[in-house]
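data23.cif follows; it contains mmCIF, C-alpha atoms.
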data_coords
loop_
_atom_site.label_atom_id
_atom_site.label_comp_id
_atom_site.auth_asym_id
_atom_site.auth_seq_id
_atom_site.Cartn_x
_atom_site.Cartn_y
_atom_site.Cartn_z
CA MET O 153 48.75 107.31 75.95
CA GLY O 154 45.66 106.84 73.77
CA ASP O 155 46.14 106.91 70.01
CA LYS O 156 49.63 106.20 68.72
CA LYS O 157 51.83 109.28 68.49
CA ARG O 158 53.00 109.99 64.94
CA ILE O 159 56.70 110.81 64.93
CA ALA O 160 58.49 112.28 61.91
CA ILE O 161 62.10 111.22 61.32
CA THR O 162 64.03 113.73 59.20
CA ARG O 163 67.30 111.84 58.95
CA PRO O 164 68.24 110.07 55.70
CA ALA O 165 66.10 107.03 54.89
CA GLN O 166 69.04 104.62 55.16
CA ARG O 167 69.67 105.96 58.68
CA SER O 168 66.09 105.59 59.92
CA GLU O 169 65.79 101.87 60.67
CA ALA O 170 67.03 102.01 64.28
CA ALA O 171 64.81 105.01 65.06
CA MET O 172 61.79 103.20 63.58
CA LYS O 173 62.39 100.21 65.85
CA ILE O 174 62.68 102.44 68.93
CA ILE O 175 59.50 104.35 68.06
CA ASP O 176 57.64 101.08 67.57
CA GLU O 177 59.02 99.78 70.87
CA LEU O 178 57.80 102.95 72.62
CA GLY O 179 54.32 102.58 71.14
CA GLY O 180 54.50 105.23 68.44
CA GLU O 181 54.04 105.35 64.67
CA THR O 182 56.92 106.36 62.41
CA VAL O 183 56.61 108.84 59.58
CA ILE O 184 59.79 108.86 57.44
CA ARG O 185 60.37 112.30 55.95
CA PRO O 186 64.08 112.66 55.05
CA THR O 187 65.20 116.28 54.79
CA LEU O 188 68.79 115.17 54.14
CA GLU O 189 70.44 112.91 51.58
CA LEU O 190 73.81 111.18 51.93
CA LYS O 191 75.97 110.10 48.98
CA LEU O 192 79.17 108.11 49.41
CA THR O 193 82.01 109.57 47.36
CA ASN O 194 85.53 108.45 46.52
CA SER O 195 86.80 112.00 46.30
CA ASP O 196 90.36 113.05 45.45
CA SER O 197 90.79 114.04 49.09
CA LEU O 198 89.71 110.56 50.25
CA LYS O 199 92.14 109.00 47.77
CA HIS O 200 94.88 111.17 49.28
CA LEU O 201 93.94 110.13 52.83
CA MET O 202 94.05 106.47 51.80
CA SER O 203 97.51 106.98 50.27
CA GLU O 204 98.64 108.35 53.67
CA ALA O 205 96.87 105.66 55.76
CA GLY O 206 100.21 103.99 56.58
CA ASN O 207 101.51 107.24 58.11
CA LEU O 208 98.55 108.18 60.29
CA ASP O 209 98.93 108.67 64.03
CA TRP O 210 95.19 109.24 64.56
CA LEU O 211 92.05 108.55 62.56
CA ILE O 212 88.98 110.48 63.69
CA ILE O 213 85.64 109.02 62.59
CA THR O 214 82.63 111.24 63.17
CA SER O 215 79.88 109.15 61.53
CA VAL O 216 78.87 105.67 60.45
CA THR O 217 78.65 106.96 56.86
CA SER O 218 82.40 107.59 56.72
CA ILE O 219 83.08 103.98 57.71
CA GLU O 220 80.71 102.75 55.00
CA SER O 221 82.44 104.94 52.43
CA ILE O 222 85.95 103.84 53.37
CA PHE O 223 85.15 100.13 53.20
CA LYS O 224 83.06 100.47 50.05
CA PHE O 225 85.87 102.09 48.07
CA TYR O 226 88.82 100.59 49.99
CA PRO O 227 87.91 97.06 51.19
CA ASP O 228 91.61 96.48 52.01
CA PHE O 229 91.72 99.55 54.27
CA LEU O 230 92.78 97.57 57.36
CA HIS O 231 95.95 96.51 55.55
CA LYS O 232 96.68 100.10 54.54
CA LEU O 233 96.28 101.54 58.05
CA SER O 234 99.39 102.07 60.17
CA SER O 235 99.64 99.72 63.17
CA LYS O 236 100.56 102.75 65.33
CA CYS O 237 97.36 104.60 64.30
CA LYS O 238 94.90 105.28 67.12
CA ILE O 239 91.21 105.73 66.40
CA ALA O 240 88.74 108.18 67.92
CA THR O 241 85.00 108.27 67.26
CA ILE O 242 82.26 110.70 68.16
CA GLY O 243 79.50 108.57 69.64
CA HIS O 244 79.04 104.94 70.62
CA LYS O 245 77.03 103.97 67.51
CA THR O 246 79.94 105.00 65.28
CA ALA O 247 82.30 103.11 67.60
CA GLU O 248 80.16 99.95 67.39
CA VAL O 249 80.22 100.00 63.58
CA ALA O 250 83.96 100.69 63.60
CA ILE O 251 84.55 97.69 65.89
CA ASP O 252 82.33 95.55 63.64
CA ASN O 253 84.77 96.47 60.86
CA GLN O 254 87.76 95.46 63.03
CA LEU O 255 88.77 99.03 63.81
CA PRO O 256 89.74 99.17 67.51
CA ILE O 257 88.64 102.33 69.30
CA ASP O 258 91.05 104.24 71.53
CA LEU O 259 88.97 107.31 72.35
CA ILE O 260 85.29 108.24 72.64
CA PRO O 261 84.49 111.62 74.23
CA GLU O 262 81.83 111.82 76.93
CA ASP O 263 80.22 114.68 75.01
CA TYR O 264 79.34 113.50 71.47
CA THR O 265 80.36 116.72 69.72
CA ALA O 266 83.50 118.18 68.14
CA GLU O 267 83.89 120.25 71.30
CA GLY O 268 83.74 117.10 73.42
CA LEU O 269 86.38 115.40 71.28
CA LEU O 270 88.66 118.43 71.47
CA GLU O 271 88.32 118.38 75.24
CA ALA O 272 89.29 114.70 75.30
CA PHE O 273 92.34 115.49 73.14
CA GLU O 274 93.57 118.15 75.58
CA ARG O 275 95.55 115.49 77.44
CA ILE O 276 97.12 114.13 74.25
CA ASP O 277 100.19 115.53 72.50
CA LEU O 278 99.25 116.19 68.87
CA ASN O 279 102.32 118.16 67.87
CA ASN O 280 103.48 116.96 64.44
CA LYS O 281 101.03 114.06 64.59
CA ILE O 282 99.27 113.16 61.34
CA VAL O 283 95.50 113.09 61.87
CA GLY O 284 93.07 111.83 59.24
CA ILE O 285 89.44 112.99 59.30
CA PRO O 286 87.10 111.46 56.69
CA ARG O 287 83.71 113.21 56.71
CA THR O 288 81.34 115.46 54.78
CA TYR O 289 82.65 118.85 53.78
CA SER O 290 79.39 120.42 54.99
CA ALA O 291 80.45 119.74 58.61
CA ARG O 292 81.79 122.53 60.78
CA THR O 293 85.50 123.37 60.50
CA LEU O 294 85.98 123.64 64.27
CA LEU O 295 87.58 120.21 64.72
CA PRO O 296 90.27 120.35 62.00
CA ASP O 297 90.99 124.03 62.73
CA GLU O 298 91.54 123.43 66.45
CA LEU O 299 93.64 120.30 65.90
CA GLU O 300 95.92 122.24 63.55
CA LYS O 301 96.28 124.97 66.17
CA ARG O 302 97.54 122.27 68.51
CA GLY O 303 100.26 121.29 66.04
CA ALA O 304 98.56 118.38 64.27
CA LYS O 305 98.95 117.82 60.55
CA VAL O 306 95.34 117.28 59.53
CA ILE O 307 94.33 115.40 56.39
CA LEU O 308 90.68 116.27 55.81
CA ALA O 309 88.93 113.97 53.34
CA GLU O 310 85.45 114.14 51.84
CA SER O 311 84.07 110.62 52.28
CA TYR O 312 80.44 111.50 51.58
CA LYS O 313 78.27 114.40 50.53
CA SER O 314 75.33 115.51 52.66
CA GLY O 315 72.82 117.83 51.12
CA MET O 316 69.30 118.47 49.92
CA PRO O 317 67.44 115.38 48.63
CA GLU O 318 67.03 115.41 44.85
CA ASP O 319 63.33 114.70 45.35
CA VAL O 320 61.88 117.15 47.90
CA SER O 321 58.30 115.84 47.72
CA LEU O 322 58.54 114.18 51.15
CA ILE O 323 59.83 117.45 52.64
CA GLU O 324 56.86 119.27 51.12
CA LYS O 325 54.58 116.60 52.59
CA LEU O 326 56.20 117.09 56.00
CA ILE O 327 55.64 120.84 55.81
CA ASP O 328 51.93 120.23 55.14
CA GLU O 329 51.78 117.76 58.03
CA ILE O 330 53.37 120.33 60.35
CA LEU O 331 51.02 123.13 59.29
CA ASN O 332 47.99 120.82 59.58
CA GLU O 333 49.19 119.35 62.91
CA GLU O 334 49.12 115.82 61.50
CA ILE O 335 52.21 114.71 63.44
CA ASP O 336 52.81 114.73 67.18
CA GLY O 337 56.59 114.85 67.28
CA ILE O 338 59.60 115.46 65.06
CA ILE O 339 63.28 114.65 65.56
CA PHE O 340 66.30 116.41 64.07
CA THR O 341 69.71 114.76 64.12
CA SER O 342 71.91 117.32 62.32
CA PRO O 343 71.85 121.02 61.41
CA LEU O 344 71.08 120.29 57.73
CA THR O 345 67.98 118.28 58.63
CA VAL O 346 66.59 121.54 60.04
CA SER O 347 67.83 124.08 57.51
CA ASN O 348 66.81 121.97 54.48
CA LEU O 349 63.24 121.78 55.82
CA PHE O 350 62.97 125.56 56.02
CA GLU O 351 64.78 126.02 52.70
CA VAL O 352 62.06 124.03 50.92
CA ALA O 353 59.27 125.83 52.79
CA ASN O 354 57.83 129.12 51.59
CA GLU O 355 59.57 131.83 53.60
CA ASP O 356 56.17 133.40 54.35
CA ASP O 357 55.31 130.19 56.27
CA TRP O 358 58.50 130.05 58.37
CA ASP O 359 56.98 131.70 61.45
CA LYS O 360 53.86 129.53 61.29
CA ILE O 361 55.97 126.37 60.87
CA ALA O 362 58.17 127.37 63.82
CA GLN O 363 55.08 128.01 65.97
CA LYS O 364 53.54 124.62 65.13
CA MET O 365 56.87 122.86 65.75
CA SER O 366 57.08 124.56 69.15
CA ASP O 367 53.50 123.69 70.14
CA PRO O 368 51.49 121.48 69.75
CA ILE O 369 54.17 119.43 67.94
CA LEU O 370 57.04 118.28 70.18
CA THR O 371 60.42 118.93 68.55
CA VAL O 372 63.53 117.11 69.78
CA SER O 373 67.11 118.01 68.86
CA ILE O 374 69.84 115.38 69.17
CA GLY O 375 72.30 117.89 70.60
CA PRO O 376 73.39 121.52 70.99
CA ILE O 377 74.72 122.06 67.46
CA THR O 378 71.42 121.10 65.84
CA ALA O 379 69.56 122.99 68.60
CA ARG O 380 71.32 126.21 67.60
CA ILE O 381 69.80 126.00 64.12
CA LEU O 382 66.33 125.36 65.57
CA GLU O 383 66.78 128.46 67.73
CA ASN O 384 67.75 130.47 64.64
CA TYR O 385 64.37 129.61 63.13
CA GLY O 386 62.50 130.34 66.37
CA VAL O 387 61.61 126.73 67.19
CA SER O 388 61.24 125.63 70.82
CA TYR O 389 62.66 122.14 71.42
CA ILE O 390 63.88 119.66 74.00
CA CYS O 391 67.26 117.94 73.97
CA PRO O 392 68.51 114.79 75.73
CA GLU O 393 71.50 114.81 78.06
CA VAL O 394 73.17 112.08 75.98
CA TYR O 395 73.21 112.83 72.25
CA THR O 396 71.83 109.60 70.79
CA VAL O 397 68.68 108.76 68.82
CA ARG O 398 67.49 106.40 71.57
CA ASP O 399 67.93 109.05 74.26
CA MET O 400 66.10 111.69 72.23
CA LEU O 401 63.16 109.37 71.51
CA GLU O 402 62.91 108.14 75.10
CA LEU O 403 62.87 111.78 76.26
CA MET O 404 60.14 112.55 73.72
CA PHE O 405 57.89 109.71 74.93
CA GLU O 406 58.52 110.64 78.57
CA LYS O 407 57.11 114.08 77.71
CA PHE O 408 54.12 112.51 75.96
CA ASP O 409 53.47 110.26 78.98
CA GLY O 410 53.54 113.31 81.22
CA GLU O 411 50.75 115.04 79.28
#
Same coordinates, now as structure tokens:
Amino acid sequence: MGDKKRIAITRPAQRSEAAMKIIDELGGETVIRPTLELKLTNSDSLKHLMSEAGNLDWLIITSVTSIESIFKFYPDFLHKLSSKCKIATIGHKTAEVAIDNQLPIDLIPEDYTAEGLLEAFERIDLNNKIVGIPRTYSARTLLPDELEKRGAKVILAESYKSGMPEDVSLIEKLIDEILNEEIDGIIFTSPLTVSNLFEVANEDDWDKIAQKMSDPILTVSIGPITARILENYGVSYICPEVYTVRDMLELMFEKFDGE
């Protein structure tokens, strides 16, 4: 493969360790450029969800960050949770962390998206069931909206905030690296990792950035929801069949090896 490929990770710094290891394992060099910041929050809505933990029929966990938030603010959560409560996660990584925290998993959809989870719930009666969903409020409303249509009583709780980093200097550096073709690949793991990058960039440079990210830089989206945002900005990308960081990086290096 010649010189090491420089791969930019745009996910939050505290979420980059696993990706760094995979890139190193695949023979690449990691460039950490977070375009997203996560902040755990014990919001009023999370307090309400915790007060209802003993009544839950389902708990839906969509990210590792929600688990971290729950156990940071409520270390006795396991004692609060109803014994009848079933747990669903989107993705195996979230499931692994849940199990590490003694939360047994009852459902993981084949497709790691809200749509995939809704499809998995089609066979389950949710009428009058109380469903708790701790997550960021910046996430799409599709999941809670559809569950309510199916008769569920949804308790949506803000367990963390996801937004623009307070310090955008690394995003500005990434923009320069894209325009100067100083990276070989870039991965995006959520819609905000894409939109925050362009928000920081000068709008006059958007087309040029999109062109560089389409070629010669190889852009990889973790899944279809993030891909939609890349399309909105005119970026060409590839996407793995399984929506995990490992799968996206292995696909990226397969493409490099095929050059």
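For the set O:Glu351, O:Glu334, O:Glu248, O:Glu393, the residue with the smallest atom-to-atom gap to Pro368 (chain O) is O:Glu334, counting all atoms listed in the file.
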> So which one's closest to Trp358 (chain O), O:Pro317, O:Gly386, O:Pro392, O:Pro227? Using all atoms listed in the file, please.
Replying inline: O:Gly386
> Written as a ChimeraX atom specification, what is the full residue list that the PyMOL selection byres ((chain O and resi 214) around 9) yields on the file shown?
Replying inline: /O:212-213,215-218,240-243,246,265-266,285-287
>> Just the number, please: distance in Å from CA of Leu198 (chain O) to CA of Leu230 (chain O), one decimal.
In response: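 Between CA of Leu198 (chain O) and CA of Leu230 (chain O) the gap is 15.1 Å.
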> Distance CA of Lys313 (chain O)-CA of Lys281 (chain O), one decimal place?
Replying inline: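 According to the coordinates, CA of Lys313 (chain O) and CA of Lys281 (chain O) are separated by 26.8 Å.
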>> Between CA of Ala165 (chain O) and CA of Leu192 (chain O), what is the distance in Å, rounded to a tenth?
In response: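 Atom-to-atom, CA of Ala165 (chain O) to CA of Leu192 (chain O), that is 14.2 Å.
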> Using all atoms listed in the file, which residue out of O:Phe223, O:Phe405, O:Tyr395, O:Phe340 lies closest to Leu382 (chain O)?
Replying inline: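 Selected residue with least distance to Leu382 (chain O): O:Phe340.
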>> Using the chain letters and numbers from this file, what does the PyMOL selection byres ((chain O and resi 305) around 8) select? Give the answer as an NGL selection string.
In response: :O and (280-283 or 299-300 or 303-304 or 306-307)
Writing out the chosen residues with C-alpha atoms as a CSV table (one decimal), in the coordinates of the input:
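Once everything was written out, this is selection-v5.csv:
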chain,number,residue,atom,x,y,z
O,280,ASN,CA,103.5,117.0,64.4
O,281,LYS,CA,101.0,114.1,64.6
O,282,ILE,CA,99.3,113.2,61.3
O,283,VAL,CA,95.5,113.1,61.9
O,299,LEU,CA,93.6,120.3,65.9
O,300,GLU,CA,95.9,122.2,63.6
O,303,GLY,CA,100.3,121.3,66.0
O,304,ALA,CA,98.6,118.4,64.3
O,306,VAL,CA,95.3,117.3,59.5
O,307,ILE,CA,94.3,115.4,56.4
> Using only C-alpha atoms, which residue out of O:Glu310, O:Lys157, O:Leu259, O:Arg380 lies closest to Met202 (chain O)?
Replying inline: O:Glu310
> the PyMOL selection byres ((chain O and resi 195) around 9) on the file shown: which residues, as an MDAnalysis selection string?
Replying inline: chainID O and resid 193:194 196:200 309:312
>> If we count only C-alpha atoms and set the cut-off at 9 Å, which residues sit around Arg185 (chain O), ignoring sequence neighbours fewer than 4 positions away in its own chain? Please answer as a ChimeraX atom specification.
In response: /O:160-165,322-323,325-326
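Selection around (72.3, 122.1, 57.4) with radius 9 Å, counting all atoms listed in the file, yields the residues Leu188, Ser290, Ala291, Ser314, Gly315, Met316, Ser342, Pro343, Leu344, Thr345, Val346, Ser347, Asn348, Thr378 and Ile381 of chain O.
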> Do you know which residues are at most 12 Å from Glu274 (chain O) counting all atoms listed in the file, after dropping those on the same chain fewer than 6 positions away, and could you put them as a list in words?
Replying inline: Pro261, Glu267, Gly268, Glu298, Leu299, Lys301 and Arg302 of chain O
Starting from the incomplete input, reconstruct all heavy atoms of region 173-184 of chain O and write that as a PDB file, in the coordinates of the input.
ATOM      1  N   LYS O 173      62.534 101.300  64.878  1.00  0.00           N
ATOM      2  CA  LYS O 173      62.390 100.210  65.850  1.00  0.00           C
ATOM      3  C   LYS O 173      62.125 100.775  67.247  1.00  0.00           C
ATOM      4  O   LYS O 173      61.303 100.250  68.000  1.00  0.00           O
ATOM      5  CB  LYS O 173      63.645  99.339  65.858  1.00  0.00           C
ATOM      6  CG  LYS O 173      63.764  98.426  64.649  1.00  0.00           C
ATOM      7  CD  LYS O 173      65.035  97.590  64.719  1.00  0.00           C
ATOM      8  CE  LYS O 173      65.165  96.691  63.489  1.00  0.00           C
ATOM      9  NZ  LYS O 173      66.461  95.994  63.467  1.00  0.00           N
ATOM     10  N   ILE O 174      62.842 101.844  67.592  1.00  0.00           N
ATOM     11  CA  ILE O 174      62.680 102.440  68.930  1.00  0.00           C
ATOM     12  C   ILE O 174      61.291 103.054  69.062  1.00  0.00           C
ATOM     13  O   ILE O 174      60.625 102.890  70.089  1.00  0.00           O
ATOM     14  CB  ILE O 174      63.781 103.500  69.182  1.00  0.00           C
ATOM     15  CG1 ILE O 174      65.161 102.835  69.190  1.00  0.00           C
ATOM     16  CG2 ILE O 174      63.537 104.219  70.511  1.00  0.00           C
ATOM     17  CD1 ILE O 174      66.329 103.812  69.101  1.00  0.00           C
ATOM     18  N   ILE O 175      60.835 103.744  68.025  1.00  0.00           N
ATOM     19  CA  ILE O 175      59.500 104.350  68.060  1.00  0.00           C
ATOM     20  C   ILE O 175      58.426 103.278  68.208  1.00  0.00           C
ATOM     21  O   ILE O 175      57.487 103.422  68.996  1.00  0.00           O
ATOM     22  CB  ILE O 175      59.260 105.218  66.798  1.00  0.00           C
ATOM     23  CG1 ILE O 175      60.156 106.468  66.839  1.00  0.00           C
ATOM     24  CG2 ILE O 175      57.791 105.623  66.671  1.00  0.00           C
ATOM     25  CD1 ILE O 175      60.219 107.251  65.540  1.00  0.00           C
ATOM     26  N   ASP O 176      58.592 102.188  67.480  1.00  0.00           N
ATOM     27  CA  ASP O 176      57.640 101.080  67.570  1.00  0.00           C
ATOM     28  C   ASP O 176      57.645 100.485  68.984  1.00  0.00           C
ATOM     29  O   ASP O 176      56.586 100.221  69.571  1.00  0.00           O
ATOM     30  CB  ASP O 176      58.007 100.009  66.539  1.00  0.00           C
ATOM     31  CG  ASP O 176      56.998  98.879  66.489  1.00  0.00           C
ATOM     32  OD1 ASP O 176      55.807  99.160  66.237  1.00  0.00           O
ATOM     33  OD2 ASP O 176      57.390  97.721  66.723  1.00  0.00           O
ATOM     34  N   GLU O 177      58.838 100.328  69.514  1.00  0.00           N
ATOM     35  CA  GLU O 177      59.020  99.780  70.870  1.00  0.00           C
ATOM     36  C   GLU O 177      58.351 100.687  71.920  1.00  0.00           C
ATOM     37  O   GLU O 177      57.795 100.207  72.906  1.00  0.00           O
ATOM     38  CB  GLU O 177      60.535  99.683  71.116  1.00  0.00           C
ATOM     39  CG  GLU O 177      61.003  99.279  72.487  1.00  0.00           C
ATOM     40  CD  GLU O 177      62.511  99.511  72.615  1.00  0.00           C
ATOM     41  OE1 GLU O 177      63.273  99.135  71.688  1.00  0.00           O
ATOM     42  OE2 GLU O 177      62.928 100.062  73.634  1.00  0.00           O
ATOM     43  N   LEU O 178      58.376 101.990  71.674  1.00  0.00           N
ATOM     44  CA  LEU O 178      57.800 102.950  72.620  1.00  0.00           C
ATOM     45  C   LEU O 178      56.308 103.179  72.384  1.00  0.00           C
ATOM     46  O   LEU O 178      55.680 103.970  73.090  1.00  0.00           O
ATOM     47  CB  LEU O 178      58.561 104.285  72.530  1.00  0.00           C
ATOM     48  CG  LEU O 178      60.026 104.242  73.006  1.00  0.00           C
ATOM     49  CD1 LEU O 178      60.756 105.528  72.623  1.00  0.00           C
ATOM     50  CD2 LEU O 178      60.115 104.015  74.505  1.00  0.00           C
ATOM     51  N   GLY O 179      55.769 102.501  71.378  1.00  0.00           N
ATOM     52  CA  GLY O 179      54.320 102.580  71.140  1.00  0.00           C
ATOM     53  C   GLY O 179      53.895 103.670  70.179  1.00  0.00           C
ATOM     54  O   GLY O 179      52.718 104.035  70.123  1.00  0.00           O
ATOM     55  N   GLY O 180      54.829 104.174  69.391  1.00  0.00           N
ATOM     56  CA  GLY O 180      54.500 105.230  68.440  1.00  0.00           C
ATOM     57  C   GLY O 180      54.425 104.733  67.011  1.00  0.00           C
ATOM     58  O   GLY O 180      54.646 103.551  66.727  1.00  0.00           O
ATOM     59  N   GLU O 181      54.109 105.650  66.109  1.00  0.00           N
ATOM     60  CA  GLU O 181      54.040 105.350  64.670  1.00  0.00           C
ATOM     61  C   GLU O 181      55.050 106.232  63.955  1.00  0.00           C
ATOM     62  O   GLU O 181      55.111 107.442  64.182  1.00  0.00           O
ATOM     63  CB  GLU O 181      52.625 105.666  64.162  1.00  0.00           C
ATOM     64  CG  GLU O 181      52.444 105.451  62.668  1.00  0.00           C
ATOM     65  CD  GLU O 181      51.100 105.953  62.169  1.00  0.00           C
ATOM     66  OE1 GLU O 181      50.169 106.118  62.989  1.00  0.00           O
ATOM     67  OE2 GLU O 181      50.998 106.207  60.952  1.00  0.00           O
ATOM     68  N   THR O 182      55.859 105.621  63.101  1.00  0.00           N
ATOM     69  CA  THR O 182      56.920 106.360  62.410  1.00  0.00           C
ATOM     70  C   THR O 182      56.449 106.937  61.091  1.00  0.00           C
ATOM     71  O   THR O 182      55.772 106.270  60.307  1.00  0.00           O
ATOM     72  CB  THR O 182      58.126 105.433  62.134  1.00  0.00           C
ATOM     73  OG1 THR O 182      58.605 104.909  63.362  1.00  0.00           O
ATOM     74  CG2 THR O 182      59.251 106.204  61.457  1.00  0.00           C
ATOM     75  N   VAL O 183      56.838 108.184  60.852  1.00  0.00           N
ATOM     76  CA  VAL O 183      56.610 108.840  59.580  1.00  0.00           C
ATOM     77  C   VAL O 183      57.992 109.233  59.044  1.00  0.00           C
ATOM     78  O   VAL O 183      58.676 110.072  59.630  1.00  0.00           O
ATOM     79  CB  VAL O 183      55.739 110.117  59.767  1.00  0.00           C
ATOM     80  CG1 VAL O 183      55.547 110.834  58.443  1.00  0.00           C
ATOM     81  CG2 VAL O 183      54.403 109.776  60.395  1.00  0.00           C
ATOM     82  N   ILE O 184      58.445 108.583  57.968  1.00  0.00           N
ATOM     83  CA  ILE O 184      59.790 108.860  57.440  1.00  0.00           C
ATOM     84  C   ILE O 184      59.718 109.998  56.435  1.00  0.00           C
ATOM     85  O   ILE O 184      59.082 109.881  55.395  1.00  0.00           O
ATOM     86  CB  ILE O 184      60.407 107.603  56.813  1.00  0.00           C
ATOM     87  CG1 ILE O 184      60.589 106.546  57.891  1.00  0.00           C
ATOM     88  CG2 ILE O 184      61.719 107.925  56.128  1.00  0.00           C
ATOM     89  CD1 ILE O 184      61.367 105.344  57.497  1.00  0.00           C
TER      90      ILE O 184
END
